[in-house]
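So this block is final.cif, mmCIF, C-alpha atoms:
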```
data_model
loop_
_atom_site.label_atom_id
_atom_site.label_comp_id
_atom_site.auth_asym_id
_atom_site.auth_seq_id
_atom_site.Cartn_x
_atom_site.Cartn_y
_atom_site.Cartn_z
CA ILE A 152 23.89 1.31 23.85
CA HIS A 153 27.50 1.05 22.68
CA ILE A 154 28.56 3.89 20.36
CA GLU A 155 31.64 4.41 18.19
CA ILE A 156 32.47 7.54 16.18
CA HIS A 157 35.01 7.34 13.36
CA SER A 158 36.62 9.98 11.19
CA VAL A 159 36.59 7.80 8.06
CA LEU A 160 35.10 4.40 7.24
CA ASP A 161 34.36 2.65 3.98
CA SER A 162 30.75 2.19 5.11
CA THR A 163 29.10 2.29 8.53
CA ASN A 164 26.84 -0.61 7.51
CA SER A 165 29.81 -2.73 6.42
CA TYR A 166 31.58 -1.92 9.68
CA ASP A 167 28.49 -2.86 11.70
CA LEU A 168 28.11 -6.17 9.88
CA GLN A 169 31.66 -7.11 10.96
CA TYR A 170 31.25 -5.83 14.54
CA LYS A 171 31.22 -8.67 17.09
CA GLY A 172 30.77 -6.77 20.37
CA ALA A 173 27.82 -6.04 22.63
CA MET A 174 24.51 -4.84 21.24
CA PRO A 175 22.62 -2.64 20.70
CA TYR A 176 25.43 -0.84 18.92
CA ALA A 177 25.68 2.39 16.94
CA CYS A 178 28.44 3.47 14.60
CA LEU A 179 28.86 6.97 13.14
CA ALA A 180 31.39 8.33 10.67
CA GLU A 181 32.32 11.83 9.55
CA TYR A 182 32.96 10.46 6.07
CA GLN A 183 32.39 7.23 4.11
CA THR A 184 34.61 6.25 1.20
CA ALA A 185 32.14 3.63 -0.05
CA GLY A 186 28.75 4.59 1.35
CA HIS A 187 25.96 2.73 -0.39
CA GLY A 188 22.21 2.31 -0.45
CA ARG A 189 19.73 -0.13 -1.94
CA HIS A 190 20.87 -2.14 -4.97
CA GLY A 191 24.45 -1.05 -4.31
CA ARG A 192 23.85 2.58 -5.27
CA GLN A 193 26.51 5.01 -4.08
CA TRP A 194 25.65 7.38 -1.22
CA ILE A 195 27.66 10.59 -1.51
CA SER A 196 28.10 12.85 1.52
CA PRO A 197 31.05 15.27 1.77
CA ILE A 198 33.00 15.09 5.02
CA GLY A 199 31.15 16.53 8.01
CA SER A 200 28.09 17.49 5.96
CA GLY A 201 25.62 14.84 7.01
CA LEU A 202 24.70 12.05 9.37
CA CYS A 203 26.27 8.67 8.51
CA LEU A 204 24.87 6.24 11.05
CA SER A 205 24.29 2.51 11.39
CA LEU A 206 22.54 0.65 14.20
CA LYS A 207 22.98 -3.03 15.02
CA GLN A 208 20.53 -5.03 17.08
CA ARG A 209 19.63 -8.68 17.52
CA ILE A 210 16.00 -9.49 16.81
CA GLN A 211 14.89 -12.99 17.77
CA ASN A 212 12.25 -14.56 15.52
CA LYS A 213 12.55 -11.44 13.42
CA PRO A 214 9.62 -10.64 11.10
CA LEU A 215 11.68 -8.87 8.44
CA SER A 216 8.77 -8.08 6.15
CA GLY A 217 7.76 -4.48 6.72
CA LEU A 218 10.60 -3.58 9.10
CA ASN A 219 12.20 -1.25 6.54
CA ILE A 220 8.84 0.52 6.21
CA ALA A 221 8.53 0.86 9.99
CA LEU A 222 12.03 2.34 10.25
CA ALA A 223 11.37 4.80 7.42
CA VAL A 224 8.22 5.96 9.22
CA THR A 225 10.21 6.26 12.45
CA VAL A 226 12.86 8.49 10.82
CA VAL A 227 10.21 10.76 9.28
CA ARG A 228 8.43 11.02 12.64
CA VAL A 229 11.72 12.30 14.11
CA LEU A 230 12.23 14.80 11.28
CA HIS A 231 8.68 16.09 11.78
CA LEU A 232 9.33 16.50 15.50
CA LEU A 233 12.40 18.57 14.62
CA GLY A 234 10.34 20.86 12.37
CA ALA A 235 10.73 19.34 8.88
CA THR A 236 7.00 18.76 8.51
CA ASP A 237 6.93 18.59 4.70
CA VAL A 238 9.15 15.52 4.59
CA GLY A 239 7.61 12.33 3.20
CA ILE A 240 8.51 8.85 1.95
CA LYS A 241 8.79 7.41 -1.55
CA TRP A 242 8.32 3.66 -1.33
CA PRO A 243 9.98 1.80 0.15
CA ASN A 244 12.26 4.10 2.16
CA ASP A 245 13.54 7.14 0.26
CA ILE A 246 12.94 10.27 2.33
CA LEU A 247 12.18 13.37 0.26
CA TRP A 248 11.33 17.02 0.71
CA GLN A 249 9.50 18.70 -2.19
CA GLY A 250 10.76 16.08 -4.61
CA ARG A 251 14.39 16.27 -3.47
CA LYS A 252 16.18 13.52 -1.58
CA LEU A 253 16.98 14.30 2.04
CA ALA A 254 17.83 10.86 3.41
CA GLY A 255 18.38 7.26 2.39
CA LEU A 256 17.97 4.08 4.43
CA LEU A 257 19.40 0.58 4.10
CA LEU A 258 18.38 -2.49 6.11
CA GLU A 259 20.64 -5.55 6.03
CA SER A 260 20.65 -8.91 7.79
CA GLY A 261 23.69 -10.27 9.59
CA LYS A 262 24.30 -13.58 11.32
CA ASN A 263 22.52 -14.91 14.39
CA SER A 264 19.33 -12.86 13.99
CA GLU A 265 21.29 -9.60 13.74
CA ILE A 266 19.89 -6.57 11.93
CA VAL A 267 21.95 -3.63 10.65
CA PHE A 268 20.06 -0.44 9.83
CA GLY A 269 21.95 2.32 8.05
CA ILE A 270 20.81 5.89 7.47
CA GLY A 271 22.35 8.82 5.67
CA ILE A 272 20.82 12.28 6.18
CA ASN A 273 21.99 15.45 4.44
CA VAL A 274 22.40 18.01 7.24
CA LYS A 275 24.40 20.90 5.78
CA MET A 276 25.92 19.99 2.45
CA VAL A 277 29.11 21.69 1.33
CA GLU A 278 30.06 22.12 -2.31
CA CYS A 279 30.53 18.75 -3.94
CA ASN A 280 30.83 17.24 -7.39
CA SER A 281 27.22 17.57 -8.51
CA LYS A 282 27.85 15.23 -11.46
CA ALA A 283 28.35 12.39 -8.99
CA ILE A 284 24.83 12.88 -7.58
CA ASN A 285 22.28 11.85 -10.19
CA GLN A 286 19.13 13.23 -8.55
CA PRO A 287 17.92 16.45 -6.90
CA TYR A 288 18.88 16.63 -3.22
CA VAL A 289 18.33 18.89 -0.24
CA ASP A 290 19.69 19.23 3.29
CA LEU A 291 18.08 19.98 6.66
CA TYR A 292 19.73 23.40 6.86
CA SER A 293 18.05 24.46 3.60
CA ILE A 294 14.69 23.36 5.00
CA LEU A 295 14.95 24.66 8.57
CA GLY A 296 17.60 27.39 8.43
CA GLN A 297 18.95 28.46 11.82
CA THR A 298 16.51 26.12 13.62
CA SER A 299 18.17 23.09 12.00
CA PRO A 300 19.36 20.69 14.73
CA SER A 301 23.02 19.89 15.26
CA ARG A 302 24.20 16.51 14.06
CA ASN A 303 24.61 15.45 17.69
CA ILE A 304 20.95 16.19 18.48
CA LEU A 305 19.82 14.55 15.25
CA ALA A 306 21.91 11.44 15.90
CA ALA A 307 20.59 11.14 19.47
CA LYS A 308 16.95 11.39 18.35
CA ILE A 309 17.39 8.97 15.46
CA ILE A 310 19.19 6.41 17.64
CA GLU A 311 16.60 6.69 20.43
CA HIS A 312 13.53 6.30 18.23
CA CYS A 313 14.92 3.74 15.78
CA LEU A 314 16.23 1.58 18.61
CA GLN A 315 12.73 1.68 20.10
CA THR A 316 11.31 0.48 16.79
CA LEU A 317 13.90 -2.30 16.43
CA THR A 318 13.17 -3.45 19.98
CA ASN A 319 9.38 -3.32 19.78
CA TYR A 320 8.74 -4.38 16.18
CA PRO A 321 8.44 -8.13 16.89
CA GLN A 322 5.50 -7.33 19.19
CA LEU A 323 4.00 -4.37 17.32
CA GLY A 324 4.37 -5.47 13.70
CA LEU A 325 3.67 -3.13 10.80
CA ASN A 326 0.13 -2.27 11.92
CA ALA A 327 1.49 0.29 14.40
CA PHE A 328 3.04 2.22 11.49
CA GLN A 329 0.38 1.90 8.79
CA GLN A 330 -1.51 5.08 9.68
CA ASP A 331 1.61 7.26 9.59
CA TRP A 332 2.80 5.53 6.42
CA HIS A 333 -0.41 6.62 4.71
CA ARG A 334 0.17 10.17 5.99
CA PHE A 335 3.78 10.26 4.75
CA ASP A 336 3.27 8.33 1.48
CA LEU A 337 4.23 10.66 -1.41
CA SER A 338 2.95 8.34 -4.16
CA TYR A 339 -0.53 7.43 -2.91
CA GLY A 340 -3.23 7.92 -5.54
CA GLN A 341 -0.76 9.00 -8.20
CA LEU A 342 0.17 7.41 -11.50
CA VAL A 343 3.66 5.97 -11.04
CA THR A 344 6.15 3.79 -12.86
CA LEU A 345 7.86 0.97 -10.96
CA GLU A 346 11.22 -0.23 -12.23
CA THR A 347 11.82 -3.80 -11.10
CA PRO A 348 15.16 -5.62 -11.44
CA GLN A 349 14.79 -9.01 -13.12
CA SER A 350 18.11 -10.86 -13.43
CA GLU A 351 20.12 -8.83 -15.97
CA ASN A 352 17.09 -6.96 -17.28
CA LYS A 353 14.59 -4.49 -15.86
CA THR A 354 10.84 -4.48 -16.16
CA TYR A 355 8.54 -1.49 -15.89
CA SER A 356 5.02 -1.41 -14.52
CA THR A 357 2.75 1.64 -14.58
CA GLY A 358 -0.32 2.07 -12.41
CA ILE A 359 -2.02 4.00 -9.64
CA ALA A 360 -0.22 3.68 -6.28
CA CYS A 361 -2.62 2.29 -3.65
CA GLY A 362 -0.38 2.27 -0.59
CA ILE A 363 1.08 -0.87 0.97
CA ASP A 364 -0.24 -4.21 2.23
CA GLU A 365 0.22 -5.75 5.67
CA GLU A 366 3.78 -6.84 4.78
CA GLY A 367 4.91 -3.52 3.31
CA ALA A 368 4.63 -4.52 -0.36
CA LEU A 369 3.66 -1.76 -2.80
CA LEU A 370 0.17 -2.04 -4.27
CA LEU A 371 -0.41 -0.83 -7.84
CA GLN A 372 -3.77 -0.66 -9.56
CA ILE A 373 -3.06 -1.75 -13.13
CA GLY A 374 -6.19 -1.89 -15.23
CA ASN A 375 -8.78 -3.89 -13.31
CA GLN A 376 -6.26 -5.66 -11.10
CA LYS A 377 -4.32 -4.68 -8.00
CA GLN A 378 -0.75 -6.02 -8.12
CA ARG A 379 1.74 -6.27 -5.22
CA TYR A 380 5.49 -5.66 -5.51
CA VAL A 381 8.19 -6.32 -2.93
CA ASP A 382 11.12 -4.70 -4.75
CA GLY A 383 11.80 -1.90 -7.22
CA GLU A 384 12.15 1.83 -7.66
CA VAL A 385 9.14 4.13 -7.89
CA SER A 386 9.24 7.09 -10.26
CA LEU A 387 6.70 9.86 -10.75
CA ARG A 388 8.52 10.93 -13.92
CA LEU A 389 6.73 8.96 -16.64
#
```
Could you render the structure as structure tokens?
Amino acid sequence: IHIEIHSVLDSTNSYDLQYKGAMPYACLAEYQTAGHGRHGRQWISPIGSGLCLSLKQRIQNKPLSGLNIALAVTVVRVLHLLGATDVGIKWPNDILWQGRKLAGLLLESGKNSEIVFGIGINVKMVECNSKAINQPYVDLYSILGQTSPSRNILAAKIIEHCLQTLTNYPQLGLNAFQQDWHRFDLSYGQLVTLETPQSENKTYSTGIACGIDEEGALLLQIGNQKQRYVDGEVSLRL
């Protein structure tokens, strides 16, 4: 794998999308000036306080549906191996510990069957402008203390396991990750609200979370019907 480490980038995902060299490829940055997640949301990580990583791989005949779920499961498997066993996933790929956000993931498509997978993990956060972060957050050091892995170890494990998933997913599909998804799913069986973007407006659906289907869509039991959703933000705060 080809690896680059930068002091400052606007976004590791944006850099990866423009990269034209050999693959698989990994890009890391100490700091991002314009880090972002799903729906363009800002990802804030003070310099040197977290893992800012993007992977680029070419996937022929790529079955994109469910790949973001598989990668979220892969990251949580790694975190469990490192000792953070209370970490789980809020659909589709927010990684939380006791209700606080630990990591965010972003999957984007490039040209010529290229996939860019970005991940930000809070490792040891320094003081930052809390007003800029609009949700509770946590870092690995707060969870694991002195046993928290270095960013080098964390990066190596994440790259190794996620590259395996990107390589094998066309053959394995989502079925290989369904069992662990159910184990890590923080919303299963709970009453949730799903905020769904619709053009300039937003719609809200409330129901009992029933896991995901074979393509990674969220299933909500609303009244007597089970509805599937492919996009949106889940909230347990009704």
Residues returned when the PyMOL selection byres ((chain A and resi 153) around 10) runs on this file, as a list in words:
Ile152, Ile154, Glu155, Gly172, Ala173, Met174, Pro175, Tyr176, Ala177, Cys178, Leu206 and Lys207 of chain A
Asn219 (chain A) proximity check over A:Val343, A:Val385, A:Leu257, A:Ala235, using all atoms listed in the file: winner is A:Leu257
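With all atoms listed in the file as the atoms that count, the minimum distance from Glu384 (chain A) to the choices A:Ile198, A:Val227, A:Val274, A:Leu369 is reached by A:Leu369.
What the PyMOL selection byres ((chain A and resi 311) around 12) matches in the given file is Ile152, Pro175, Tyr176, Ala177, Leu206, Leu222, Thr225, Val226, Val229, Ile304, Leu305, Ala306, Ala307, Lys308, Ile309, Ile310, His312, Cys313, Leu314, Gln315, Thr316, Leu317 and Thr318 of chain A.
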Which one is closest to Ser301 (chain A): A:Ile246, A:Glu265, A:Ile373, A:Leu233? Count all atoms listed in the file.
A:Leu233
Quick one: residues within 9 Å of Ile220 (chain A), all atoms listed in the file counted, chain neighbours fewer than 2 positions away excluded, as a ChimeraX atom specification?
/A:216-218,222-225,242-244,325,328-329,332,367
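Each of A:Thr236, A:Asn263, A:Gln322, A:Asn303 was checked against Leu179 (chain A) using only C-alpha atoms; the smallest atom-to-atom distance is that of A:Asn303.
Nearest residue to Gln169 (chain A), choosing from A:Ser386, A:Gln249, A:Gln211, A:Ser260 and counting only C-alpha atoms: A:Ser260.
Taken over the whole file, the PyMOL selection byres ((chain A and resi 269-272) around 7) covers exactly Asn164, Gly201, Leu202, Cys203, Leu204, Ser205, Leu206, Leu253, Ala254, Gly255, Leu256, Leu257, Leu258, Val267, Phe268, Asn273 and Val274 of chain A.
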Between A:Ile210, A:Ala368, A:Ile294, A:Ile359, single out the one closest to Pro321 (chain A), counting only C-alpha atoms.
A:Ile210
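Atom pair CA of Ser165 (chain A) / CA of Asp245 (chain A) has a distance of 20.0 Å (rounded to one decimal).
Atom to atom, CA of Leu387 (chain A) and CA of Ala360 (chain A) stand 10.3 Å apart.
Across the model, the gap from CA of Ile266 (chain A) to CA of Gly324 (chain A) is 15.7 Å.
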